[in-house]
Each structure stands twice: as C-alpha cells, then as structure tokens.
$ cat query.tsv   # TSV, C-alpha atoms and all ligand atoms
chain	number	residue	atom	x	y	z
Z	1	MET	CA	-17.51	-2.21	-19.13
Z	2	ILE	CA	-14.42	0.02	-18.84
Z	3	PRO	CA	-12.93	-1.18	-15.51
Z	4	TYR	CA	-11.56	1.19	-12.87
Z	5	GLY	CA	-8.22	-0.61	-13.02
Z	6	ARG	CA	-6.64	-3.51	-14.85
Z	7	GLN	CA	-3.30	-5.19	-15.40
Z	8	ASP	CA	-1.06	-4.72	-18.43
Z	9	ILE	CA	0.65	-8.01	-19.37
Z	10	SER	CA	3.07	-8.15	-22.31
Z	11	ALA	CA	4.53	-11.04	-24.32
Z	12	GLU	CA	7.82	-10.46	-22.43
Z	13	ASP	CA	6.00	-10.88	-19.10
Z	14	ILE	CA	4.55	-14.17	-20.31
Z	15	ALA	CA	7.95	-15.34	-21.56
Z	16	ALA	CA	9.53	-14.55	-18.17
Z	17	VAL	CA	6.89	-16.64	-16.39
Z	18	THR	CA	7.21	-19.49	-18.89
Z	19	GLU	CA	10.95	-19.58	-18.34
Z	20	VAL	CA	10.44	-20.14	-14.61
Z	21	LEU	CA	7.82	-22.82	-15.24
Z	22	GLN	CA	10.37	-24.72	-17.35
Z	23	SER	CA	13.13	-24.36	-14.75
Z	24	ASP	CA	13.90	-26.42	-11.64
Z	25	TRP	CA	12.70	-23.78	-9.17
Z	26	LEU	CA	9.08	-22.69	-8.92
Z	27	THR	CA	9.78	-21.15	-5.53
Z	28	GLN	CA	12.91	-20.30	-3.49
Z	29	GLY	CA	15.07	-20.12	-6.60
Z	30	GLN	CA	16.85	-17.06	-7.99
Z	31	ALA	CA	13.85	-15.16	-9.39
Z	32	GLY	CA	12.77	-13.93	-5.93
Z	33	PRO	CA	16.14	-12.42	-4.97
Z	34	ARG	CA	16.49	-10.98	-8.49
Z	35	PHE	CA	13.15	-9.17	-8.19
Z	36	GLU	CA	14.09	-7.94	-4.71
Z	37	ARG	CA	17.43	-6.53	-5.89
Z	38	ALA	CA	15.84	-4.88	-8.93
Z	39	MET	CA	13.14	-3.23	-6.80
Z	40	ALA	CA	15.63	-2.06	-4.16
Z	41	GLU	CA	17.78	-0.56	-6.89
Z	42	TYR	CA	14.80	1.09	-8.59
Z	43	CYS	CA	13.70	2.75	-5.34
Z	44	GLY	CA	17.17	3.57	-4.07
Z	45	ALA	CA	16.47	1.32	-1.07
Z	46	LYS	CA	19.00	-0.87	0.71
Z	47	ASN	CA	16.93	-4.04	1.24
Z	48	ALA	CA	13.72	-5.55	-0.14
Z	49	VAL	CA	11.79	-8.65	0.94
Z	50	ALA	CA	9.23	-10.09	-1.50
Z	51	VAL	CA	6.13	-11.67	0.05
Z	52	SER	CA	2.84	-13.27	-0.94
Z	53	ASN	CA	0.80	-10.03	-0.74
Z	54	ALA	CA	0.90	-6.57	0.85
Z	55	THR	CA	-1.29	-7.70	3.76
Z	56	ALA	CA	1.42	-10.25	4.64
Z	57	ALA	CA	4.06	-7.52	4.27
Z	58	LEU	CA	2.15	-5.29	6.71
Z	59	HIS	CA	1.80	-8.19	9.14
Z	60	ILE	CA	5.51	-9.06	9.24
Z	61	ALA	CA	6.38	-5.36	9.28
Z	62	CYS	CA	4.38	-5.02	12.52
Z	63	LEU	CA	6.01	-8.18	13.94
Z	64	ALA	CA	9.49	-6.93	13.01
Z	65	LEU	CA	8.80	-3.68	14.89
Z	66	ASP	CA	7.76	-5.72	17.96
Z	67	LEU	CA	4.14	-4.58	17.86
Z	68	GLY	CA	2.18	-6.71	20.31
Z	69	PRO	CA	-0.50	-6.82	23.00
Z	70	GLY	CA	-0.78	-3.52	24.86
Z	71	ASP	CA	0.68	-1.54	21.92
Z	72	SER	CA	-1.23	0.64	19.45
Z	73	LEU	CA	-0.95	1.24	15.75
Z	74	TRP	CA	-2.48	4.33	14.18
Z	75	THR	CA	-3.50	4.63	10.54
Z	76	VAL	CA	-6.14	6.50	8.52
Z	77	PRO	CA	-9.80	5.54	8.02
Z	78	ASN	CA	-9.47	6.26	4.28
Z	79	THR	CA	-7.68	3.05	3.37
Z	80	PHE	CA	-8.20	-0.62	2.66
Z	81	VAL	CA	-8.90	-2.59	5.84
Z	82	ALA	CA	-5.50	-4.34	5.64
Z	83	SER	CA	-3.66	-1.18	6.83
Z	84	ALA	CA	-5.45	-1.52	10.18
Z	85	ASN	CA	-5.97	-5.29	10.42
Z	86	CYS	CA	-2.20	-5.90	10.58
Z	87	ALA	CA	-2.15	-4.53	14.14
Z	88	LEU	CA	-4.98	-6.82	15.22
Z	89	TYR	CA	-3.10	-9.87	13.87
Z	90	CYS	CA	-0.38	-9.00	16.40
Z	91	GLY	CA	-2.80	-8.58	19.30
Z	92	ALA	CA	-2.26	-4.81	19.32
Z	93	ASN	CA	-4.90	-2.03	19.27
Z	94	VAL	CA	-5.82	0.15	16.31
Z	95	ASP	CA	-6.75	3.80	16.27
Z	96	PHE	CA	-7.24	6.25	13.43
Z	97	VAL	CA	-6.07	9.72	12.45
Z	98	ASP	CA	-8.42	11.77	10.27
Z	99	ILE	CA	-7.47	12.79	6.73
Z	100	ASP	CA	-6.40	16.07	5.16
Z	101	PRO	CA	-9.39	17.28	3.10
Z	102	ARG	CA	-7.08	18.33	0.24
Z	103	THR	CA	-4.98	15.20	-0.24
Z	104	TYR	CA	-7.18	12.55	1.49
Z	105	ASN	CA	-3.95	11.39	3.16
Z	106	MET	CA	-3.22	11.40	6.90
Z	107	SER	CA	-3.60	14.95	8.21
Z	108	VAL	CA	-0.37	16.09	9.84
Z	109	THR	CA	-2.34	18.53	12.02
Z	110	ALA	CA	-4.73	15.81	13.19
Z	111	LEU	CA	-1.78	13.49	13.87
Z	112	SER	CA	0.10	16.17	15.79
Z	113	ASP	CA	-2.97	17.06	17.92
Z	114	LYS	CA	-3.77	13.42	18.64
Z	115	LEU	CA	-0.15	12.69	19.63
Z	116	ALA	CA	-0.10	15.66	22.03
Z	117	GLN	CA	-3.27	14.38	23.69
Z	118	ALA	CA	-2.06	10.75	23.75
Z	119	SER	CA	1.22	11.87	25.29
Z	120	ILE	CA	-0.66	13.47	28.21
Z	121	GLU	CA	-2.78	10.34	28.61
Z	122	GLY	CA	0.19	7.96	28.28
Z	123	ARG	CA	-1.18	6.08	25.27
Z	124	LEU	CA	1.20	6.97	22.46
Z	125	PRO	CA	1.25	4.63	19.45
Z	126	LYS	CA	4.20	2.32	18.82
Z	127	VAL	CA	3.64	2.33	15.06
Z	128	VAL	CA	2.01	4.83	12.67
Z	129	VAL	CA	1.01	3.71	9.15
Z	130	PRO	CA	0.64	6.61	6.69
Z	131	VAL	CA	-1.07	5.42	3.49
Z	132	HIS	CA	-0.02	7.08	0.23
Z	133	PHE	CA	-3.57	7.32	-1.05
Z	134	ALA	CA	-4.09	7.06	-4.83
Z	135	GLY	CA	-0.31	7.07	-5.29
Z	136	GLN	CA	0.39	10.49	-3.73
Z	137	SER	CA	2.91	10.48	-0.87
Z	138	CYS	CA	1.95	11.61	2.61
Z	139	GLU	CA	3.88	14.52	4.12
Z	140	MET	CA	6.68	12.27	5.32
Z	141	THR	CA	9.08	15.00	6.50
Z	142	GLU	CA	6.51	16.22	9.03
Z	143	ILE	CA	5.48	12.70	10.07
Z	144	ARG	CA	9.15	11.73	10.51
Z	145	ALA	CA	9.71	14.79	12.71
Z	146	LEU	CA	6.75	13.77	14.92
Z	147	ALA	CA	8.17	10.23	15.12
Z	148	GLY	CA	11.43	11.68	16.37
Z	149	HIS	CA	9.62	13.74	18.98
Z	150	TYR	CA	7.19	11.08	20.24
Z	151	GLY	CA	9.25	7.94	19.56
Z	152	PHE	CA	7.01	5.91	17.28
Z	153	ARG	CA	8.03	3.78	14.28
Z	154	ILE	CA	6.69	4.30	10.73
Z	155	ILE	CA	5.44	1.77	8.19
Z	156	GLU	CA	4.54	3.46	4.88
Z	157	ASP	CA	1.63	1.66	3.24
Z	158	ALA	CA	2.72	2.43	-0.31
Z	159	SER	CA	0.39	-0.17	-1.86
Z	160	HIS	CA	-0.82	2.54	-4.29
Z	161	ALA	CA	2.46	4.29	-4.80
Z	162	VAL	CA	5.21	2.21	-6.42
Z	163	GLY	CA	6.83	4.49	-9.01
Z	164	GLY	CA	5.71	7.68	-7.24
Z	165	GLU	CA	8.06	10.30	-5.79
Z	166	TYR	CA	8.35	12.47	-2.71
Z	167	LEU	CA	10.75	15.42	-2.63
Z	168	GLY	CA	12.36	14.13	-5.82
Z	169	ARG	CA	13.10	10.64	-4.46
Z	170	LYS	CA	11.32	7.42	-5.29
Z	171	ILE	CA	8.76	6.21	-2.76
Z	172	GLY	CA	10.41	3.16	-1.20
Z	173	ALA	CA	13.79	4.85	-0.69
Z	174	GLY	CA	12.76	4.75	2.93
Z	175	GLN	CA	14.91	7.52	4.36
Z	176	LEU	CA	11.91	8.85	6.32
Z	177	SER	CA	10.42	5.61	7.68
Z	178	ASP	CA	11.32	2.17	9.02
Z	179	ILE	CA	9.54	-0.03	6.49
Z	180	VAL	CA	7.79	0.64	3.16
Z	181	VAL	CA	5.17	-1.78	1.79
Z	182	PHE	CA	4.10	-2.27	-1.84
Z	183	SER	CA	1.20	-4.33	-3.27
Z	184	PHE	CA	1.27	-6.14	-6.61
Z	185	HIS	CA	-2.43	-7.04	-6.79
Z	186	PRO	CA	-3.64	-6.78	-10.42
Z	187	VAL	CA	-5.48	-3.48	-9.87
Z	188	LYS	CA	-2.30	-1.86	-8.53
Z	189	ILE	CA	0.45	-0.29	-10.64
Z	190	ILE	CA	2.52	-3.40	-11.39
Z	191	THR	CA	1.35	-6.94	-10.68
Z	192	THR	CA	2.52	-10.42	-9.72
Z	193	GLY	CA	-1.04	-11.82	-9.56
Z	194	GLU	CA	-0.93	-11.66	-5.78
Z	195	GLY	CA	2.20	-10.23	-4.22
Z	196	GLY	CA	3.81	-7.62	-2.07
Z	197	MET	CA	7.14	-6.33	-0.83
Z	198	ALA	CA	8.58	-4.82	2.32
Z	199	LEU	CA	11.60	-2.52	2.01
Z	200	ALA	CA	13.77	-1.47	4.94
Z	201	SER	CA	16.95	0.58	5.11
Z	202	ASP	CA	18.06	-1.10	8.33
Z	203	ALA	CA	19.84	-4.37	7.45
Z	204	ARG	CA	18.89	-6.15	10.68
Z	205	LEU	CA	15.25	-5.18	10.30
Z	206	ALA	CA	15.32	-6.47	6.71
Z	207	GLU	CA	16.91	-9.73	7.87
Z	208	ARG	CA	14.16	-10.16	10.44
Z	209	LEU	CA	11.48	-9.47	7.81
Z	210	ALA	CA	13.10	-12.15	5.63
Z	211	TYR	CA	12.97	-14.86	8.25
Z	212	LEU	CA	9.52	-13.88	9.54
Z	213	ARG	CA	8.40	-14.50	5.94
Z	214	THR	CA	9.68	-18.05	6.10
Z	215	HIS	CA	8.61	-19.64	9.42
Z	216	GLY	CA	11.18	-17.70	11.47
Z	217	ILE	CA	13.83	-20.03	10.09
Z	218	VAL	CA	17.42	-18.98	9.40
Z	219	ARG	CA	20.33	-20.60	7.60
Z	220	PRO	CA	23.20	-21.12	7.22
Z	221	VAL	CA	23.65	-21.96	10.87
Z	222	GLN	CA	27.31	-20.93	10.87
Z	223	THR	CA	26.34	-17.26	11.06
Z	224	ASN	CA	23.79	-17.73	13.80
Z	225	PRO	CA	24.15	-18.78	17.41
Z	226	VAL	CA	23.35	-22.44	17.89
Z	227	ASP	CA	22.32	-24.03	21.15
Z	228	ALA	CA	25.67	-24.67	22.87
Z	229	ARG	CA	24.50	-28.09	24.05
Z	230	ARG	CA	24.53	-29.42	20.53
Z	231	SER	CA	27.45	-31.43	19.25
Z	232	ASN	CA	29.79	-29.94	16.71
Z	233	GLU	CA	28.42	-32.26	14.08
Z	234	ASP	CA	24.92	-30.88	14.52
Z	235	ARG	CA	26.24	-27.39	14.57
Z	236	TYR	CA	27.91	-27.43	11.21
Z	237	GLY	CA	25.80	-29.96	9.32
Z	238	PRO	CA	24.79	-28.51	5.97
Z	239	TRP	CA	21.24	-29.82	6.55
Z	240	ILE	CA	20.76	-27.69	9.65
Z	241	TYR	CA	18.24	-24.90	9.80
Z	242	GLU	CA	17.08	-23.14	12.91
Z	243	GLN	CA	13.75	-21.66	13.83
Z	244	ILE	CA	14.56	-18.66	16.00
Z	245	GLU	CA	11.11	-16.97	16.04
Z	246	LEU	CA	7.51	-17.83	15.25
Z	247	GLY	CA	7.26	-16.80	11.59
Z	248	LEU	CA	4.87	-17.58	8.76
Z	249	ASN	CA	4.96	-18.88	5.22
Z	250	TYR	CA	4.47	-15.62	3.33
Z	251	ARG	CA	6.83	-16.38	0.44
Z	252	MET	CA	6.35	-15.14	-3.11
Z	253	THR	CA	6.82	-17.88	-5.73
Z	254	ASP	CA	9.47	-17.58	-8.45
Z	255	ILE	CA	6.63	-17.61	-10.97
Z	256	GLN	CA	5.29	-14.41	-9.44
Z	257	ALA	CA	8.71	-12.85	-8.92
Z	258	ALA	CA	9.65	-13.34	-12.58
Z	259	LEU	CA	6.44	-11.58	-13.58
Z	260	GLY	CA	7.20	-8.81	-11.07
Z	261	ALA	CA	10.73	-8.25	-12.36
Z	262	SER	CA	9.44	-8.10	-15.92
Z	263	GLN	CA	6.67	-5.66	-14.93
Z	264	LEU	CA	9.18	-3.54	-13.02
Z	265	GLY	CA	11.01	-2.98	-16.30
Z	266	ARG	CA	7.88	-1.23	-17.56
Z	267	LEU	CA	6.97	0.61	-14.34
Z	268	ASP	CA	8.20	4.03	-15.50
Z	269	ALA	CA	6.21	3.70	-18.74
Z	270	PHE	CA	3.10	2.68	-16.76
Z	271	VAL	CA	3.40	5.66	-14.41
Z	272	ALA	CA	4.11	8.05	-17.31
Z	273	ARG	CA	0.91	6.91	-19.03
Z	274	ARG	CA	-1.08	7.21	-15.79
Z	275	ARG	CA	0.23	10.76	-15.29
Z	276	LYS	CA	-0.80	11.68	-18.84
Z	277	LEU	CA	-4.27	10.26	-18.34
Z	278	ALA	CA	-4.62	12.07	-15.00
Z	279	ALA	CA	-3.63	15.40	-16.56
Z	280	ARG	CA	-6.06	14.72	-19.38
Z	281	TYR	CA	-8.88	14.05	-16.89
Z	282	ASP	CA	-8.00	17.32	-15.12
Z	283	ALA	CA	-8.39	19.21	-18.39
Z	284	LEU	CA	-11.50	17.39	-19.63
Z	285	LEU	CA	-13.38	17.64	-16.32
Z	286	ALA	CA	-12.56	21.31	-15.71
Z	287	GLY	CA	-16.06	22.58	-16.57
Z	288	LEU	CA	-18.00	19.98	-14.53
Z	289	PRO	CA	-19.33	20.36	-10.96
Z	290	VAL	CA	-16.66	18.03	-9.60
Z	291	LEU	CA	-13.49	18.45	-7.57
Z	292	CYS	CA	-10.41	16.96	-9.26
Z	293	PRO	CA	-7.55	15.51	-7.15
Z	294	TRP	CA	-5.30	18.16	-5.57
Z	295	GLN	CA	-1.59	17.49	-5.66
Z	296	HIS	CA	0.80	18.56	-2.92
Z	297	PRO	CA	3.80	20.34	-4.51
Z	298	GLU	CA	6.29	18.02	-2.75
Z	299	THR	CA	4.82	14.92	-4.39
Z	300	ASN	CA	4.77	13.33	-7.82
Z	301	SER	CA	1.98	10.76	-7.70
Z	302	ALA	CA	2.11	7.30	-9.26
Z	303	TRP	CA	-1.63	7.75	-9.95
Z	304	HIS	CA	-3.00	4.41	-8.84
Z	305	LEU	CA	-6.44	6.04	-8.60
Z	306	TYR	CA	-8.15	9.10	-10.05
Z	307	VAL	CA	-10.81	10.15	-7.53
Z	308	ILE	CA	-13.28	12.97	-8.12
Z	309	ARG	CA	-15.62	14.47	-5.56
Z	310	LEU	CA	-19.08	15.64	-6.57
Z	311	ARG	CA	-19.86	19.25	-5.64
Z	312	ARG	CA	-23.03	18.30	-3.85
Z	313	ASN	CA	-24.50	21.82	-3.70
Z	314	GLU	CA	-24.24	22.17	-7.49
Z	315	ILE	CA	-25.70	18.76	-8.40
Z	316	LYS	CA	-29.26	17.54	-8.01
Z	317	LEU	CA	-28.34	13.84	-8.09
Z	318	SER	CA	-26.93	11.95	-5.13
Z	319	ARG	CA	-23.56	10.17	-5.29
Z	320	ARG	CA	-25.45	6.87	-5.49
Z	321	GLN	CA	-27.44	8.09	-8.51
Z	322	VAL	CA	-24.33	9.35	-10.32
Z	323	PHE	CA	-22.48	6.12	-9.50
Z	324	GLU	CA	-25.32	3.89	-10.70
Z	325	ALA	CA	-25.82	5.93	-13.88
Z	326	LEU	CA	-22.10	5.59	-14.68
Z	327	ARG	CA	-22.20	1.83	-14.08
Z	328	ALA	CA	-25.31	1.58	-16.27
Z	329	ALA	CA	-23.36	3.43	-18.99
Z	330	GLY	CA	-20.64	0.77	-18.86
Z	331	ILE	CA	-18.17	2.77	-16.77
Z	332	GLY	CA	-16.64	0.60	-14.03
Z	333	VAL	CA	-16.44	3.29	-11.37
Z	334	ASN	CA	-15.64	2.42	-7.78
Z	335	VAL	CA	-15.43	4.08	-4.36
Z	336	HIS	CA	-12.20	4.26	-2.32
Z	337	TYR	CA	-12.70	3.92	0.61
Z	338	ILE	CA	-15.53	3.15	2.98
Z	339	PRO	CA	-13.95	4.53	6.19
Z	340	VAL	CA	-12.45	1.54	7.99
Z	341	HIS	CA	-13.81	2.59	11.39
Z	342	THR	CA	-17.38	2.33	10.03
Z	343	GLN	CA	-16.98	-1.35	9.06
Z	344	PRO	CA	-19.15	-3.67	11.21
Z	345	TYR	CA	-16.07	-5.38	12.66
Z	346	TYR	CA	-14.56	-2.06	13.75
Z	347	GLN	CA	-17.89	-0.85	15.11
Z	348	ARG	CA	-17.83	-3.92	17.37
Z	349	LEU	CA	-14.38	-2.82	18.55
Z	350	GLY	CA	-15.97	0.43	19.76
Z	351	PHE	CA	-15.61	2.82	16.82
Z	352	SER	CA	-18.65	4.76	15.68
Z	353	VAL	CA	-19.79	6.94	12.81
Z	354	GLY	CA	-18.91	10.58	13.45
Z	355	MET	CA	-15.45	9.93	14.91
Z	356	PHE	CA	-13.46	10.93	11.82
Z	357	PRO	CA	-15.56	13.57	10.03
Z	358	GLU	CA	-13.17	14.46	7.18
Z	359	ALA	CA	-12.87	10.81	6.06
Z	360	GLU	CA	-16.63	10.37	6.38
Z	361	SER	CA	-17.44	13.56	4.47
Z	362	TYR	CA	-14.96	12.65	1.73
Z	363	TYR	CA	-16.53	9.19	1.44
Z	364	GLN	CA	-19.99	10.71	0.90
Z	365	ASP	CA	-19.11	12.26	-2.46
Z	366	ALA	CA	-16.05	10.42	-3.82
Z	367	ILE	CA	-16.08	8.41	-7.04
Z	368	THR	CA	-13.05	6.63	-8.53
Z	369	LEU	CA	-12.94	6.94	-12.33
Z	370	PRO	CA	-11.26	4.30	-14.52
Z	371	LEU	CA	-7.48	4.72	-14.79
Z	372	PHE	CA	-4.98	2.10	-15.98
Z	373	SER	CA	-1.92	2.17	-18.19
Z	374	LYS	CA	-3.58	0.45	-21.16
Z	375	MET	CA	-6.53	2.86	-21.11
Z	376	THR	CA	-6.84	4.65	-24.45
Z	377	ASP	CA	-7.71	8.31	-24.95
Z	378	ALA	CA	-10.90	7.10	-26.68
Z	379	GLU	CA	-11.91	5.10	-23.58
Z	380	GLN	CA	-11.23	8.11	-21.41
Z	381	ASP	CA	-13.37	10.27	-23.73
Z	382	ILE	CA	-16.23	7.77	-23.25
Z	383	VAL	CA	-15.91	8.10	-19.45
Z	384	VAL	CA	-15.89	11.90	-19.63
Z	385	ALA	CA	-18.83	12.00	-22.07
Z	386	ALA	CA	-20.90	9.72	-19.82
Z	387	LEU	CA	-20.13	11.78	-16.73
Z	388	THR	CA	-20.86	15.06	-18.57
Z	389	LYS	CA	-24.22	13.74	-19.75
Z	390	ILE	CA	-25.21	12.50	-16.27
Z	391	LEU	CA	-24.23	15.74	-14.54
Z	392	SER	CA	-25.88	18.09	-17.05
I	401	LIG	C1	-4.35	-3.28	-1.93
I	401	LIG	C2	-4.01	-2.68	-0.62
I	401	LIG	C3	-3.53	-3.44	0.46
I	401	LIG	C4	-3.47	-4.93	0.43
I	401	LIG	O1	-2.76	-5.43	-0.62
I	401	LIG	P1	-2.79	-6.98	-0.95
I	401	LIG	O2	-1.56	-7.17	-1.79
I	401	LIG	O3	-4.05	-7.24	-1.70
I	401	LIG	O4	-2.72	-7.74	0.33
I	401	LIG	C5	-3.14	-2.78	1.61
I	401	LIG	N1	-3.27	-1.45	1.73
I	401	LIG	C6	-3.75	-0.69	0.73
I	401	LIG	C7	-3.84	0.78	0.91
I	401	LIG	C8	-4.16	-1.28	-0.46
I	401	LIG	O5	-4.68	-0.54	-1.44
$ encode --input "query.tsv" --output "structure tokens" --more "lines below"
Ligand SMILES: *Cc1c(COP(=O)(O)O)cnc(C)c1O
Amino acid sequence: MIPYGRQDISAEDIAAVTEVLQSDWLTQGQAGPRFERAMAEYCGAKNAVAVSNATAALHIACLALDLGPGDSLWTVPNTFVASANCALYCGANVDFVDIDPRTYNMSVTALSDKLAQASIEGRLPKVVVPVHFAGQSCEMTEIRALAGHYGFRIIEDASHAVGGEYLGRKIGAGQLSDIVVFSFHPVKIITTGEGGMALASDARLAERLAYLRTHGIVRPVQTNPVDARRSNEDRYGPWIYEQIELGLNYRMTDIQAALGASQLGRLDAFVARRRKLAARYDALLAGLPVLCPWQHPETNSAWHLYVIRLRRNEIKLSRRQVFEALRAAGIGVNVHYIPVHTQPYYQRLGFSVGMFPEAESYYQDAITLPLFSKMTDAEQDIVVAALTKILS
C-alpha cells in the first residue's frame, strides 16, 4: 500500500534522539528551548512554545485569549475536529464559516457576511480560527482587516502548513494573527511522533502560553508578584514556584524536541520535494476528469495534502467506487475532511446537514492522493496509472 502520508526519518534524526536518551534530561532540559528558538527563527516569529500536540496548542491558545463560557469561536467545517473542539474545552460555543470553493479554506465573503449579521444580533465571535488547508494559507490580510473592524482575535491553525508562505513570508511569522499553531504528527510535514507548537508575536501572550503548558506554574519567583503575607525567606527561596493560573501538563519531551529540531533542518528539502510532486501530479492528471488543487497567487503551499475532486458529471462511478478501487489497487487514498458540523457530536449540539453547502459539496467528491517527501516518481506514476485506469 502506498500511504497518503508518512514520516521521513534519517540517521541524523535517530542520532539526535539517542543523544537525548543518553543525557540527564528526557524532559525540561535544553532540547525543548532549542527547538523553540530554531522554529521561531525559521518562521521569523518572536516566540514559540512547544507542546505535546497541536490539539493541546489550540487549547492553551484559546485559554490565553481568555475564551470562556458565553464566548464563541468560529472555524471552518473542512478541518480536523480539533480546530473546533478547542473552544468546547474552554466552555465556549463553536460556529462555522463555509469554505471558498476554489481553495477549500475559510471563505472571506462568507466570514464577512456572517460577521455583519452577528454584529446586528450581538453575537460576534471572540476568536476566529482560519485553517490553512492542505498547506495553503488562508487570505490572512482580509481576515486581519475584519478582525480589526469587528474586534476578534485570530488563531491560525497551521497544522498543515509549516514551511509554507503567504505574501512571501513564512507561515508562523504571525504578523497577521495572535497565535499560530503547528502539528508534528507523523502524517504532517515534519514530525516529533506526537507534538505541536504555538507561536505568538506578543511576548506576554507567549509567556502565558508557556505557563499554561505547565500547570500554570511560573518561576523564578523573583520576577513575579508573591503573596505579600509570605516571609522574605519564602519569597526568595530557590525552591519556590508559584501556580498563578489553572494550567495543564502539555509539555513536549526533550526526546521529541530533539527529533523536531533535527527534522526542522530538513523542512525546506521536504517542502521542495512536496512542491515538485504536486506540480508533477498537476501535469500527469491534466487529461483526467478531475479538478486539481487551485492555488491562490498570494500563497506558496507547503503541500501537506494533494486533494483532487472528481468531476461528477463526467464520471460514471461514485466517489465511493473510485475510492474503493484505488484502495484495492494498493493506493492509500484518504478523504479530508468529513465536515465537522456533520459529526454526531456536533449534530447533538444543534448543527445539521445542509448548513454549510460548499464544505458539504466539496466533501462529496474529494479524494486525497498519496503525497510525502520520500515518495518516488515511480510510486507517483503507480498512483496516476491506477487512477487513469479506474476513470477510463
Ligand atoms: C492534525 C491536525 C490537528 C491536530 O493535531 P495533533 O497534533 O494531532 O493534535 C489540528 N488541526 C488540523 C487542521 C490538523 O490537521
């Protein structure tokens, strides 16, 4: 089976992990901060906070922006459930904005219309989470302008997009949002096994993310206000730590961080290979009754996913039949994503099929083809040959 995505681990990656395993610090050593600094530098960001996974990063991002009961978070239906669940963890409400049928990202028109209506009804969101689907950036300039007008905060779910660019700058630079989140799950662009990161340009926001990751505890105490009733000895004892908020244990281990830093050194090569494979798919699929991914001119995708849409009126088979035939031919295709609002849990929250027609229509005919940095041209030719045979 040729998988839809897979990790690319080198001897150097293994050596970096082994080095940590032989050191004194398996967690909370220097590998975590080193990975954070390297990622911040790569993206041109000011601060980065490594965490146990991107879901955890989204959760503390919401907490750091004071999302809570009575507030709403808006995201897209065409995403992994985690982009929406993070609001529910905080006791807030979720709503969705339909997608742009060209990019499958949040539609700026749909967002603008929904904000205008919500403004009249007094139910504006506190946080909006654009998801850079498949590695292609959302239209952040327009979303940022709407945030300025309506006063919401922005968390970019860039789980697919590390290494991608928007308007010539790396995704993660964060000049157009409050917090940017990456995922390092093995199917994503670089991996730490499980892992994620939250980047923020605001230093105080980054500091809050850092202590929310670790129980809400800060140290050293000298730089933080201590209860004035305590004696001087308590105040300056080197053993003192203070819990100032209810945080979590969402730390990334040094084992993971060392792998991440090593993978980061190869990120540009990974993305370059993904871009080559994507361009090759574009060329090889040109004659087939499928729609290849459209790229907005302001973006330079990291190509986490290569999604085609079947031209249903030109094909006799259903999406299910094409999907099953590809799987039977040893091609590990997938579908991204089942619209979140159609999940049973979200249906129980009051969402129903029909609410976000562009995301639902896209879902009906989308298929994700295999794409990963180690994929060979020969493997890609096998995928294309299988698809050509099934569709002819
Ligand atoms: C993978 C993914 C997540 C969750 O990432 P984890 O690191 O597995 O928690 C969140 N959002 C999107 C869009 C994703 O693809």
$ atom_distance --input "query.tsv" --atom1 "CA of Phe35 in chain Z" --atom2 "CA of Gly260 in chain Z"
6.6 Å
$ residues_around --input "query.tsv" --residues "Ala261 in chain Z" --least-positions-apart "4" --cutoff "8 Å" --atoms "all atoms listed in the file" --output "list of chain:residue names"
Z:Arg34, Z:Phe35, Z:Ala38, Z:Met39, Z:Ala257, Z:Gly265
$ write_last_selection --input "query.tsv" --atoms "C-alpha atoms" --output "short mmCIF file (atom, residue, chain, number, x, y, z; two decimals), in the coordinates of the input"
data_model
loop_
_atom_site.label_atom_id
_atom_site.label_comp_id
_atom_site.auth_asym_id
_atom_site.auth_seq_id
_atom_site.Cartn_x
_atom_site.Cartn_y
_atom_site.Cartn_z
CA ARG Z 34 16.49 -10.98 -8.49
CA PHE Z 35 13.15 -9.17 -8.19
CA ALA Z 38 15.84 -4.88 -8.93
CA MET Z 39 13.14 -3.23 -6.80
CA ALA Z 257 8.71 -12.85 -8.92
CA GLY Z 265 11.01 -2.98 -16.30
#
$ closest_residue --input "query.tsv" --among "Z:Arg153, Z:Tyr363, Z:Ala329, Z:Ala279" --to "Ile2 in chain Z" --atoms "all atoms listed in the file"
Z:Ala329
$ residues_near_ligand --input "query.tsv" --ligand "ligand LIG 401 (chain I)" --cutoff "7 Å" --atoms "all atoms listed in the file" --output "VMD selection string"
chain Z and resid 53 to 56 79 to 80 82 to 83 131 133 157 to 160 183 to 185 194 to 196
$ closest_residue --input "query.tsv" --among "Z:Ser107, Z:Ser301, Z:Gln28, Z:Gln22" --to "Glu358 in chain Z" --atoms "only C-alpha atoms"
Z:Ser107
$ atom_distance --input "query.tsv" --atom1 "CA of Arg169 in chain Z" --atom2 "CA of Ala283 in chain Z"
27.0 Å
$ residues_around --input "query.tsv" --residues "Ile367 in chain Z" --least-positions-apart "2" --cutoff "6 Å" --atoms "all atoms listed in the file" --output "ChimeraX atom specification"
/Z:307-308,335
$ residues_around --input "query.tsv" --residues "Arg309 in chain Z" --least-positions-apart "2" --cutoff "8 Å" --atoms "only C-alpha atoms" --output "MDAnalysis selection string"
chainID Z and resid 290:292 307 311 362 365:367
$ axis_aligned_box --input "query.tsv" --around "range 200-215 of chain Z" --padding-each-side "5 Å" --output "JSON"
{"center_x": 14.1, "center_y": -9.5, "center_z": 7.8, "size_x": 21.4, "size_y": 30.2, "size_z": 15.7}
$ residues_around --input "query.tsv" --residues "Asn249 in chain Z" --least-positions-apart "4" --cutoff "9 Å" --atoms "all atoms listed in the file" --output "VMD selection string"
chain Z and resid 51 to 52 212 to 216
$ residues_around --input "query.tsv" --residues "Pro130 in chain Z" --least-positions-apart "4" --cutoff "10 Å" --atoms "all atoms listed in the file" --output "PyMOL selection string"
chain Z and resi 74-76+79+83+97+105-107+137-140+143+154-158+177+180
$ residues_near_point --input "query.tsv" --point "(-4.0, 3.4, -21.8)" --cutoff "10 Å" --atoms "only C-alpha atoms" --output "list of chain:residue names"
Z:Asp8, Z:Phe270, Z:Arg273, Z:Arg274, Z:Lys276, Z:Leu277, Z:Leu371, Z:Phe372, Z:Ser373, Z:Lys374, Z:Met375, Z:Thr376, Z:Asp377, Z:Ala378, Z:Glu379, Z:Gln380
$ atom_distance --input "query.tsv" --atom1 "CA of Ala203 in chain Z" --atom2 "CA of Lys46 in chain Z"
7.6 Å
$ closest_residue --input "query.tsv" --among "Z:Ser112, Z:Glu324, Z:Thr103, Z:Ser72" --to "Pro125 in chain Z" --atoms "all atoms listed in the file"
Z:Ser72
$ closest_residue --input "query.tsv" --among "Z:Gly237, Z:Arg327, Z:Ile390, Z:Leu288" --to "Glu314 in chain Z" --atoms "only C-alpha atoms"
Z:Leu288
$ closest_residue --input "query.tsv" --among "Z:Leu67, Z:Val383, Z:Ala110, Z:Ala198" --to "Ala92 in chain Z" --atoms "only C-alpha atoms"
Z:Leu67
$ closest_residue --input "query.tsv" --among "Z:Glu165, Z:Asp24, Z:Asp71, Z:Asp66" --to "Glu298 in chain Z" --atoms "only C-alpha atoms"
Z:Glu165
